[in-house]
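Engineer: I am attaching a structure below and will ask some questions about it afterwards.
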Amino acid sequence: MINDITAHFYKKLYIDNSVISGKGLFTSERIQKGERILSFGGILALQSDRGNPHFIPSTYAGLTENIIICESTESEKDYSDYINHSCEPNIGMEDCLTIIAINDIAIGEELLCDYSFWEADEKWVLKQPCNCGKNKCRKRITGMDWKRISPNDPSFNYYSPFLQRKIVINSLLEVR
């Protein structure tokens, strides 16, 4: 395990009550499409360590087939821990760690990401049904949701590079 990846926050953010789920992450400044918002920090670990009681389960993000980034139970919560899921998100992945705006985001708006942008564990299921209230809401969010995306989907560019590769391979296999 490597403990030295530090989270970075590029925008003024705050935690507040969310209509989607408990507390959420909000912005106190206008963010334009494509701007960096934050970069995940934490511990690099093996995918096989995913159930380790020393890691916070809600902080896992797949970086490769075998490597994840997560936070230790000994670490303090940071802004990234308050990103709620939405089936119609306003933030996505720029690379394997960096979150960017998918569209312009107004002051006071909650920052919402589709967890399928970084979640690839086929056994993972969001504990409660999605409550985003969007027209395209999937209700049940799983680590298999990336399989519904093709490289031509408008959201493809906001998936982590690891999942983009899996999506391309999956689409090639479907063509056969």
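Naming works like this for the structure tokens: A, B, ... for the chains as they're shown, residue 1 at the start of each chain, ligands 1 onward in shown order.
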List the neighbours of Phe55 (chain A) out to 9 Å using only C-alpha atoms; skip same-chain residues closer than 2 positions along the sequence, and give me the result as a ChimeraX atom specification.
Structural biologist: /A:43,49-53,57-60,70-74
Engineer: Once you have the residues from the selection above, write them out as a CSV table (one decimal), in the first residue's frame, restricted to C-alpha atoms.
Structural biologist:
```csv
chain,number,residue,atom,x,y,z
A,43,ILE,CA,-4.2,4.8,-0.4
A,49,ASP,CA,-8.1,-5.7,-0.4
A,50,ARG,CA,-11.4,-4.1,-1.2
A,51,GLY,CA,-13.2,-5.6,1.9
A,52,ASN,CA,-10.3,-4.7,4.3
A,53,PRO,CA,-11.9,-3.2,7.5
A,57,PRO,CA,-16.0,1.2,1.7
A,58,SER,CA,-17.6,4.2,0.1
A,59,THR,CA,-14.2,5.6,-1.1
A,60,TYR,CA,-13.1,2.9,-3.5
A,70,CYS,CA,-9.4,4.3,-1.2
A,71,GLU,CA,-9.3,6.1,2.1
A,72,SER,CA,-8.2,4.6,5.4
A,73,THR,CA,-10.6,4.5,8.3
A,74,GLU,CA,-8.0,6.5,10.2
```
Engineer: Determine, counting only C-alpha atoms, which protein, DNA and RNA residues have an atom within 6 Å of an atom of region 99-113 of chain A; residues of the same chain fewer than 3 positions away are not included. Present the result as a compact mmCIF listing (two decimals) with N, CA and C atoms, in the first residue's frame.
Structural biologist:
```
# COMPACT_ATOMS: atom_id res chain seq x y z
N LEU A 25 -21.87 17.67 -1.66
CA LEU A 25 -20.81 18.61 -1.98
C LEU A 25 -21.36 19.69 -2.89
N PHE A 26 -21.13 20.94 -2.51
CA PHE A 26 -21.65 22.09 -3.24
C PHE A 26 -20.50 23.04 -3.57
N THR A 27 -20.74 23.93 -4.54
CA THR A 27 -19.73 24.89 -4.92
C THR A 27 -20.13 26.31 -4.51
N SER A 28 -19.16 27.07 -4.04
CA SER A 28 -19.43 28.46 -3.67
C SER A 28 -18.87 29.41 -4.74
N GLU A 29 -18.56 28.85 -5.91
CA GLU A 29 -18.16 29.68 -7.04
C GLU A 29 -18.66 29.02 -8.32
N ARG A 30 -18.83 29.83 -9.35
CA ARG A 30 -19.26 29.33 -10.65
C ARG A 30 -18.14 28.48 -11.23
N ILE A 31 -18.50 27.35 -11.82
CA ILE A 31 -17.51 26.47 -12.44
C ILE A 31 -17.91 26.27 -13.90
N GLN A 32 -16.97 26.46 -14.80
CA GLN A 32 -17.25 26.29 -16.22
C GLN A 32 -16.95 24.86 -16.66
N LYS A 33 -17.67 24.43 -17.67
CA LYS A 33 -17.46 23.09 -18.23
C LYS A 33 -15.97 22.87 -18.49
N GLY A 34 -15.46 21.71 -18.08
CA GLY A 34 -14.08 21.34 -18.30
C GLY A 34 -13.12 21.75 -17.20
N GLU A 35 -13.56 22.61 -16.28
CA GLU A 35 -12.68 23.04 -15.20
C GLU A 35 -12.47 21.91 -14.18
N ARG A 36 -11.25 21.86 -13.66
CA ARG A 36 -10.94 20.88 -12.60
C ARG A 36 -11.60 21.33 -11.30
N ILE A 37 -12.11 20.33 -10.58
CA ILE A 37 -12.78 20.59 -9.31
C ILE A 37 -11.98 20.01 -8.15
N LEU A 38 -11.60 18.73 -8.28
CA LEU A 38 -10.81 18.09 -7.23
C LEU A 38 -10.10 16.88 -7.79
N SER A 39 -9.10 16.42 -7.06
CA SER A 39 -8.42 15.17 -7.38
C SER A 39 -8.48 14.27 -6.15
N ILE A 83 -19.52 13.45 -2.41
CA ILE A 83 -20.07 13.47 -3.77
C ILE A 83 -21.19 12.44 -3.85
N ASN A 84 -22.39 12.90 -4.12
CA ASN A 84 -23.53 12.00 -4.29
C ASN A 84 -23.65 11.58 -5.74
N HIS A 85 -24.34 10.45 -5.93
CA HIS A 85 -24.58 9.91 -7.27
C HIS A 85 -25.79 10.58 -7.92
N SER A 86 -25.70 10.75 -9.22
CA SER A 86 -26.85 11.14 -10.03
C SER A 86 -26.73 10.43 -11.38
N PRO A 89 -25.29 13.36 -14.18
CA PRO A 89 -24.31 14.09 -13.38
C PRO A 89 -23.89 15.43 -14.00
N ASN A 90 -23.25 16.26 -13.15
CA ASN A 90 -22.67 17.51 -13.66
C ASN A 90 -21.14 17.50 -13.53
N ILE A 91 -20.58 16.41 -12.98
CA ILE A 91 -19.13 16.25 -12.90
C ILE A 91 -18.75 14.85 -13.37
N GLY A 92 -17.49 14.71 -13.84
CA GLY A 92 -17.00 13.43 -14.31
C GLY A 92 -15.49 13.37 -14.19
N MET A 93 -14.91 12.34 -14.74
CA MET A 93 -13.47 12.09 -14.62
C MET A 93 -12.72 12.74 -15.79
N GLU A 94 -11.61 13.40 -15.46
CA GLU A 94 -10.68 13.88 -16.49
C GLU A 94 -9.59 12.84 -16.74
```
Engineer: Taking only C-alpha atoms into account, which of A:Ser116, A:Lys123, A:Gly22, A:Leu63 comes nearest Arg148 (chain A)?
Structural biologist: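 For Arg148 (chain A), the nearest of the given residues is A:Ser116.
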Engineer: I need the residues in chain A that are helix (DSSP H, G or I) according to DSSP; give them as a compact mmCIF listing (two decimals) with N, CA and C atoms, in the first residue's frame.
Structural biologist:
```txt
# COMPACT_ATOMS: atom_id res chain seq x y z
N GLN A 47 -7.13 -4.64 -5.57
CA GLN A 47 -8.58 -4.87 -5.66
C GLN A 47 -8.99 -5.95 -4.64
N SER A 48 -8.14 -6.93 -4.43
CA SER A 48 -8.45 -8.01 -3.49
C SER A 48 -8.53 -7.51 -2.04
N ASP A 49 -8.01 -6.31 -1.77
CA ASP A 49 -8.09 -5.71 -0.43
C ASP A 49 -9.37 -4.92 -0.22
N PRO A 57 -15.41 1.82 2.87
CA PRO A 57 -16.00 1.20 1.68
C PRO A 57 -16.51 2.18 0.63
N SER A 58 -17.04 3.31 1.03
CA SER A 58 -17.62 4.25 0.07
C SER A 58 -16.57 5.07 -0.68
N THR A 59 -15.29 4.81 -0.45
CA THR A 59 -14.25 5.62 -1.08
C THR A 59 -13.47 4.89 -2.17
N TYR A 79 -13.70 16.57 1.07
CA TYR A 79 -14.82 16.93 0.19
C TYR A 79 -15.25 15.79 -0.73
N SER A 80 -14.31 15.00 -1.21
CA SER A 80 -14.67 13.94 -2.15
C SER A 80 -15.60 12.90 -1.52
N ASP A 81 -15.58 12.79 -0.21
CA ASP A 81 -16.45 11.82 0.48
C ASP A 81 -17.93 12.22 0.44
N TYR A 82 -18.22 13.41 -0.03
CA TYR A 82 -19.59 13.92 -0.03
C TYR A 82 -20.19 14.03 -1.43
N TYR A 115 -21.65 7.30 -10.36
CA TYR A 115 -20.64 6.43 -9.76
C TYR A 115 -20.07 5.43 -10.76
N SER A 116 -20.81 5.16 -11.85
CA SER A 116 -20.29 4.23 -12.85
C SER A 116 -19.09 4.81 -13.59
N PHE A 117 -18.80 6.10 -13.44
CA PHE A 117 -17.62 6.71 -14.06
C PHE A 117 -16.33 6.13 -13.49
N ASP A 145 -22.68 -1.09 -14.40
CA ASP A 145 -23.37 -0.07 -15.20
C ASP A 145 -22.54 0.45 -16.37
N TRP A 146 -21.23 0.41 -16.26
CA TRP A 146 -20.38 0.85 -17.37
C TRP A 146 -20.62 0.03 -18.63
N LYS A 147 -21.13 -1.17 -18.48
CA LYS A 147 -21.35 -2.05 -19.64
C LYS A 147 -22.47 -1.56 -20.55
N ARG A 148 -23.29 -0.63 -20.09
CA ARG A 148 -24.39 -0.09 -20.91
C ARG A 148 -23.93 1.05 -21.80
N PHE A 156 -19.06 8.99 -22.43
CA PHE A 156 -17.87 8.13 -22.49
C PHE A 156 -16.61 8.86 -22.03
N ASN A 157 -16.43 10.11 -22.45
CA ASN A 157 -15.21 10.87 -22.11
C ASN A 157 -15.08 11.16 -20.64
N TYR A 158 -16.13 10.97 -19.85
CA TYR A 158 -16.09 11.28 -18.43
C TYR A 158 -15.89 10.05 -17.56
N PRO A 161 -10.03 6.48 -17.29
CA PRO A 161 -9.32 5.81 -18.39
C PRO A 161 -9.40 4.28 -18.32
N PHE A 162 -9.34 3.75 -17.11
CA PHE A 162 -9.47 2.31 -16.90
C PHE A 162 -10.80 1.80 -17.46
N LEU A 163 -11.89 2.49 -17.13
CA LEU A 163 -13.19 2.05 -17.61
C LEU A 163 -13.39 2.37 -19.09
N GLN A 164 -12.80 3.43 -19.59
CA GLN A 164 -12.87 3.68 -21.03
C GLN A 164 -12.29 2.50 -21.81
N ARG A 165 -11.16 1.98 -21.34
CA ARG A 165 -10.56 0.81 -22.00
C ARG A 165 -11.51 -0.39 -21.95
N LYS A 166 -12.12 -0.61 -20.79
CA LYS A 166 -13.06 -1.73 -20.64
C LYS A 166 -14.28 -1.55 -21.56
N ILE A 167 -14.76 -0.32 -21.68
CA ILE A 167 -15.91 -0.04 -22.54
C ILE A 167 -15.56 -0.30 -24.00
N VAL A 168 -14.39 0.14 -24.44
CA VAL A 168 -13.97 -0.10 -25.83
C VAL A 168 -13.85 -1.60 -26.08
N ILE A 169 -13.19 -2.32 -25.20
CA ILE A 169 -13.04 -3.76 -25.36
C ILE A 169 -14.40 -4.45 -25.38
N ASN A 170 -15.28 -4.05 -24.47
CA ASN A 170 -16.62 -4.62 -24.41
C ASN A 170 -17.38 -4.38 -25.71
N SER A 171 -17.27 -3.17 -26.26
CA SER A 171 -17.98 -2.86 -27.50
C SER A 171 -17.41 -3.65 -28.68
N LEU A 172 -16.09 -3.89 -28.70
CA LEU A 172 -15.48 -4.70 -29.76
C LEU A 172 -15.95 -6.15 -29.67
N LEU A 173 -16.08 -6.65 -28.45
CA LEU A 173 -16.54 -8.03 -28.27
C LEU A 173 -18.00 -8.19 -28.68
N GLU A 174 -18.80 -7.15 -28.47
CA GLU A 174 -20.22 -7.20 -28.86
C GLU A 174 -20.39 -7.21 -30.37
N VAL A 175 -19.46 -6.60 -31.09
CA VAL A 175 -19.54 -6.53 -32.55
C VAL A 175 -19.33 -7.90 -33.18
```
Engineer: Run DSSP on the backbone and tell me which residues of chain A come out as strand (DSSP E or B); list them as a PDB file with N, CA and C atoms, in the first residue's frame.
Structural biologist:
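Done, and the output landed in selection.pdb:
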```
ATOM      1  N   ILE A   2       0.408   2.251  -0.705  1.00  0.00           N
ATOM      2  CA  ILE A   2       1.094   3.542  -0.753  1.00  0.00           C
ATOM      3  C   ILE A   2       0.172   4.580  -0.130  1.00  0.00           C
ATOM      4  N   ASN A   3       0.672   5.335   0.849  1.00  0.00           N
ATOM      5  CA  ASN A   3      -0.166   6.284   1.581  1.00  0.00           C
ATOM      6  C   ASN A   3       0.053   7.732   1.190  1.00  0.00           C
ATOM      7  N   ASP A   4       0.703   8.004   0.101  1.00  0.00           N
ATOM      8  CA  ASP A   4       1.131   9.372  -0.128  1.00  0.00           C
ATOM      9  C   ASP A   4       0.418  10.122  -1.250  1.00  0.00           C
ATOM     10  N   ILE A   5      -0.742   9.695  -1.677  1.00  0.00           N
ATOM     11  CA  ILE A   5      -1.467  10.451  -2.691  1.00  0.00           C
ATOM     12  C   ILE A   5      -2.364  11.456  -1.971  1.00  0.00           C
ATOM     13  N   HIS A   8      -6.485  17.001  -3.841  1.00  0.00           N
ATOM     14  CA  HIS A   8      -6.368  18.425  -4.172  1.00  0.00           C
ATOM     15  C   HIS A   8      -7.760  18.970  -4.473  1.00  0.00           C
ATOM     16  N   PHE A   9      -8.005  20.175  -4.031  1.00  0.00           N
ATOM     17  CA  PHE A   9      -9.291  20.822  -4.258  1.00  0.00           C
ATOM     18  C   PHE A   9      -9.019  22.132  -4.972  1.00  0.00           C
ATOM     19  N   LEU A  13     -15.367  24.810  -2.265  1.00  0.00           N
ATOM     20  CA  LEU A  13     -16.412  23.814  -2.058  1.00  0.00           C
ATOM     21  C   LEU A  13     -16.902  23.865  -0.621  1.00  0.00           C
ATOM     22  N   TYR A  14     -18.107  23.360  -0.397  1.00  0.00           N
ATOM     23  CA  TYR A  14     -18.630  23.254   0.959  1.00  0.00           C
ATOM     24  C   TYR A  14     -19.615  22.089   1.043  1.00  0.00           C
ATOM     25  N   ILE A  15     -19.833  21.624   2.241  1.00  0.00           N
ATOM     26  CA  ILE A  15     -20.753  20.527   2.519  1.00  0.00           C
ATOM     27  C   ILE A  15     -22.061  21.122   3.032  1.00  0.00           C
ATOM     28  N   ASP A  16     -23.183  20.588   2.541  1.00  0.00           N
ATOM     29  CA  ASP A  16     -24.490  21.053   2.987  1.00  0.00           C
ATOM     30  C   ASP A  16     -25.480  19.896   2.852  1.00  0.00           C
ATOM     31  N   ASN A  17     -26.704  20.125   3.301  1.00  0.00           N
ATOM     32  CA  ASN A  17     -27.750  19.117   3.166  1.00  0.00           C
ATOM     33  C   ASN A  17     -28.084  18.915   1.692  1.00  0.00           C
ATOM     34  N   LYS A  23     -25.834  14.445   3.286  1.00  0.00           N
ATOM     35  CA  LYS A  23     -24.986  15.604   3.008  1.00  0.00           C
ATOM     36  C   LYS A  23     -24.447  15.486   1.588  1.00  0.00           C
ATOM     37  N   GLY A  24     -24.175  16.633   0.981  1.00  0.00           N
ATOM     38  CA  GLY A  24     -23.637  16.649  -0.368  1.00  0.00           C
ATOM     39  C   GLY A  24     -22.555  17.693  -0.515  1.00  0.00           C
ATOM     40  N   LEU A  25     -21.874  17.666  -1.657  1.00  0.00           N
ATOM     41  CA  LEU A  25     -20.813  18.609  -1.975  1.00  0.00           C
ATOM     42  C   LEU A  25     -21.362  19.694  -2.886  1.00  0.00           C
ATOM     43  N   PHE A  26     -21.134  20.940  -2.511  1.00  0.00           N
ATOM     44  CA  PHE A  26     -21.647  22.094  -3.244  1.00  0.00           C
ATOM     45  C   PHE A  26     -20.502  23.044  -3.575  1.00  0.00           C
ATOM     46  N   THR A  27     -20.745  23.928  -4.537  1.00  0.00           N
ATOM     47  CA  THR A  27     -19.726  24.895  -4.915  1.00  0.00           C
ATOM     48  C   THR A  27     -20.135  26.310  -4.512  1.00  0.00           C
ATOM     49  N   ILE A  31     -18.500  27.348 -11.825  1.00  0.00           N
ATOM     50  CA  ILE A  31     -17.515  26.466 -12.440  1.00  0.00           C
ATOM     51  C   ILE A  31     -17.911  26.272 -13.903  1.00  0.00           C
ATOM     52  N   ARG A  36     -11.250  21.855 -13.655  1.00  0.00           N
ATOM     53  CA  ARG A  36     -10.936  20.885 -12.603  1.00  0.00           C
ATOM     54  C   ARG A  36     -11.598  21.326 -11.300  1.00  0.00           C
ATOM     55  N   ILE A  37     -12.112  20.335 -10.582  1.00  0.00           N
ATOM     56  CA  ILE A  37     -12.780  20.595  -9.311  1.00  0.00           C
ATOM     57  C   ILE A  37     -11.980  20.008  -8.151  1.00  0.00           C
ATOM     58  N   LEU A  38     -11.596  18.735  -8.281  1.00  0.00           N
ATOM     59  CA  LEU A  38     -10.807  18.091  -7.234  1.00  0.00           C
ATOM     60  C   LEU A  38     -10.098  16.880  -7.789  1.00  0.00           C
ATOM     61  N   SER A  39      -9.099  16.419  -7.059  1.00  0.00           N
ATOM     62  CA  SER A  39      -8.419  15.169  -7.378  1.00  0.00           C
ATOM     63  C   SER A  39      -8.480  14.274  -6.148  1.00  0.00           C
ATOM     64  N   GLY A  42      -5.586   9.382  -1.308  1.00  0.00           N
ATOM     65  CA  GLY A  42      -5.807   8.195  -0.497  1.00  0.00           C
ATOM     66  C   GLY A  42      -4.689   7.185  -0.629  1.00  0.00           C
ATOM     67  N   ILE A  43      -5.074   5.957  -0.457  1.00  0.00           N
ATOM     68  CA  ILE A  43      -4.153   4.820  -0.434  1.00  0.00           C
ATOM     69  C   ILE A  43      -4.343   4.003  -1.701  1.00  0.00           C
ATOM     70  N   LEU A  44      -3.257   3.611  -2.327  1.00  0.00           N
ATOM     71  CA  LEU A  44      -3.336   2.646  -3.415  1.00  0.00           C
ATOM     72  C   LEU A  44      -3.311   1.253  -2.797  1.00  0.00           C
ATOM     73  N   ALA A  45      -4.236   0.429  -3.217  1.00  0.00           N
ATOM     74  CA  ALA A  45      -4.329  -0.927  -2.666  1.00  0.00           C
ATOM     75  C   ALA A  45      -4.719  -1.892  -3.787  1.00  0.00           C
ATOM     76  N   LEU A  46      -4.635  -3.151  -3.496  1.00  0.00           N
ATOM     77  CA  LEU A  46      -5.048  -4.174  -4.446  1.00  0.00           C
ATOM     78  C   LEU A  46      -6.561  -4.313  -4.428  1.00  0.00           C
ATOM     79  N   PHE A  55     -10.258   0.144   5.433  1.00  0.00           N
ATOM     80  CA  PHE A  55     -10.590   1.056   4.351  1.00  0.00           C
ATOM     81  C   PHE A  55     -12.054   1.460   4.434  1.00  0.00           C
ATOM     82  N   ALA A  61     -12.252   3.537  -5.706  1.00  0.00           N
ATOM     83  CA  ALA A  61     -12.327   3.847  -7.133  1.00  0.00           C
ATOM     84  C   ALA A  61     -11.297   2.970  -7.830  1.00  0.00           C
ATOM     85  N   GLY A  62     -11.726   2.271  -8.879  1.00  0.00           N
ATOM     86  CA  GLY A  62     -10.817   1.408  -9.616  1.00  0.00           C
ATOM     87  C   GLY A  62      -9.892   2.201 -10.514  1.00  0.00           C
ATOM     88  N   ILE A  67      -5.800  -2.555  -9.192  1.00  0.00           N
ATOM     89  CA  ILE A  67      -5.429  -1.487  -8.268  1.00  0.00           C
ATOM     90  C   ILE A  67      -6.611  -0.551  -8.021  1.00  0.00           C
ATOM     91  N   ILE A  68      -6.834  -0.209  -6.755  1.00  0.00           N
ATOM     92  CA  ILE A  68      -7.872   0.738  -6.368  1.00  0.00           C
ATOM     93  C   ILE A  68      -7.227   1.868  -5.563  1.00  0.00           C
ATOM     94  N   ILE A  69      -7.929   2.974  -5.479  1.00  0.00           N
ATOM     95  CA  ILE A  69      -7.567   4.029  -4.530  1.00  0.00           C
ATOM     96  C   ILE A  69      -8.723   4.096  -3.544  1.00  0.00           C
ATOM     97  N   CYS A  70      -8.388   4.283  -2.277  1.00  0.00           N
ATOM     98  CA  CYS A  70      -9.405   4.349  -1.238  1.00  0.00           C
ATOM     99  C   CYS A  70      -8.846   5.125  -0.058  1.00  0.00           C
ATOM    100  N   SER A  72      -8.307   5.388   4.187  1.00  0.00           N
ATOM    101  CA  SER A  72      -8.170   4.625   5.421  1.00  0.00           C
ATOM    102  C   SER A  72      -9.249   5.063   6.411  1.00  0.00           C
ATOM    103  N   ASN A  84     -22.386  12.898  -4.121  1.00  0.00           N
ATOM    104  CA  ASN A  84     -23.528  12.003  -4.289  1.00  0.00           C
ATOM    105  C   ASN A  84     -23.652  11.581  -5.745  1.00  0.00           C
ATOM    106  N   HIS A  85     -24.341  10.455  -5.933  1.00  0.00           N
ATOM    107  CA  HIS A  85     -24.581   9.906  -7.269  1.00  0.00           C
ATOM    108  C   HIS A  85     -25.788  10.580  -7.917  1.00  0.00           C
ATOM    109  N   ILE A  91     -20.579  16.415 -12.985  1.00  0.00           N
ATOM    110  CA  ILE A  91     -19.128  16.253 -12.900  1.00  0.00           C
ATOM    111  C   ILE A  91     -18.747  14.852 -13.367  1.00  0.00           C
ATOM    112  N   GLY A  92     -17.489  14.713 -13.837  1.00  0.00           N
ATOM    113  CA  GLY A  92     -17.000  13.426 -14.311  1.00  0.00           C
ATOM    114  C   GLY A  92     -15.490  13.366 -14.192  1.00  0.00           C
ATOM    115  N   MET A  93     -14.913  12.336 -14.742  1.00  0.00           N
ATOM    116  CA  MET A  93     -13.470  12.092 -14.621  1.00  0.00           C
ATOM    117  C   MET A  93     -12.716  12.738 -15.786  1.00  0.00           C
ATOM    118  N   THR A  98      -8.801  12.825 -11.286  1.00  0.00           N
ATOM    119  CA  THR A  98      -9.279  14.206 -11.339  1.00  0.00           C
ATOM    120  C   THR A  98     -10.727  14.313 -11.786  1.00  0.00           C
ATOM    121  N   ILE A  99     -11.497  15.071 -11.008  1.00  0.00           N
ATOM    122  CA  ILE A  99     -12.907  15.345 -11.305  1.00  0.00           C
ATOM    123  C   ILE A  99     -13.013  16.711 -11.971  1.00  0.00           C
ATOM    124  N   ILE A 100     -13.773  16.772 -13.087  1.00  0.00           N
ATOM    125  CA  ILE A 100     -14.001  18.028 -13.794  1.00  0.00           C
ATOM    126  C   ILE A 100     -15.490  18.272 -13.970  1.00  0.00           C
ATOM    127  N   ALA A 101     -15.836  19.500 -14.350  1.00  0.00           N
ATOM    128  CA  ALA A 101     -17.227  19.847 -14.644  1.00  0.00           C
ATOM    129  C   ALA A 101     -17.604  19.326 -16.029  1.00  0.00           C
ATOM    130  N   ILE A 105     -21.580  24.934 -13.957  1.00  0.00           N
ATOM    131  CA  ILE A 105     -22.191  24.686 -12.654  1.00  0.00           C
ATOM    132  C   ILE A 105     -22.341  26.018 -11.931  1.00  0.00           C
ATOM    133  N   GLU A 110     -25.293  21.542  -6.241  1.00  0.00           N
ATOM    134  CA  GLU A 110     -24.642  20.325  -5.746  1.00  0.00           C
ATOM    135  C   GLU A 110     -23.848  19.673  -6.871  1.00  0.00           C
ATOM    136  N   LEU A 112     -22.586  16.472  -8.576  1.00  0.00           N
ATOM    137  CA  LEU A 112     -23.105  15.114  -8.652  1.00  0.00           C
ATOM    138  C   LEU A 112     -22.380  14.335  -9.735  1.00  0.00           C
ATOM    139  N   CYS A 113     -22.005  13.110  -9.412  1.00  0.00           N
ATOM    140  CA  CYS A 113     -21.285  12.271 -10.362  1.00  0.00           C
ATOM    141  C   CYS A 113     -22.008  10.937 -10.509  1.00  0.00           C
ATOM    142  N   VAL A 125     -22.977  -2.848  -5.377  1.00  0.00           N
ATOM    143  CA  VAL A 125     -24.304  -2.279  -5.614  1.00  0.00           C
ATOM    144  C   VAL A 125     -24.491  -1.143  -4.613  1.00  0.00           C
ATOM    145  N   THR A 142     -24.951  -0.134 -10.013  1.00  0.00           N
ATOM    146  CA  THR A 142     -24.060  -1.265  -9.767  1.00  0.00           C
ATOM    147  C   THR A 142     -22.689  -1.045 -10.412  1.00  0.00           C
TER     148      THR A 142
END
```
Engineer: May I ask for the distance between CA of Lys11 (chain A) and CA of Pro151 (chain A), given in Å to one decimal place?
Structural biologist: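 Taking CA of Lys11 (chain A) as the start and CA of Pro151 (chain A) as the end point, the length is 29.5 Å.
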Engineer: Hey, which of A:Asp78, A:Asp153, A:Glu88, A:Glu122 ends up closest to Glu65 (chain A)? Count only C-alpha atoms.
Structural biologist: A:Glu122
Engineer: Any idea what the distance is between CA of Ala120 (chain A) and CA of Met144 (chain A)?
Structural biologist: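 Atom-to-atom, CA of Ala120 (chain A) and CA of Met144 (chain A) are spaced 6.4 Å apart.
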Engineer: In Å, rounded to a single decimal, give me how far CA of Glu119 (chain A) is from CA of Ser75 (chain A).
Structural biologist: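 Atom-to-atom, CA of Ser75 (chain A) and CA of Glu119 (chain A) are spaced 21.3 Å apart.
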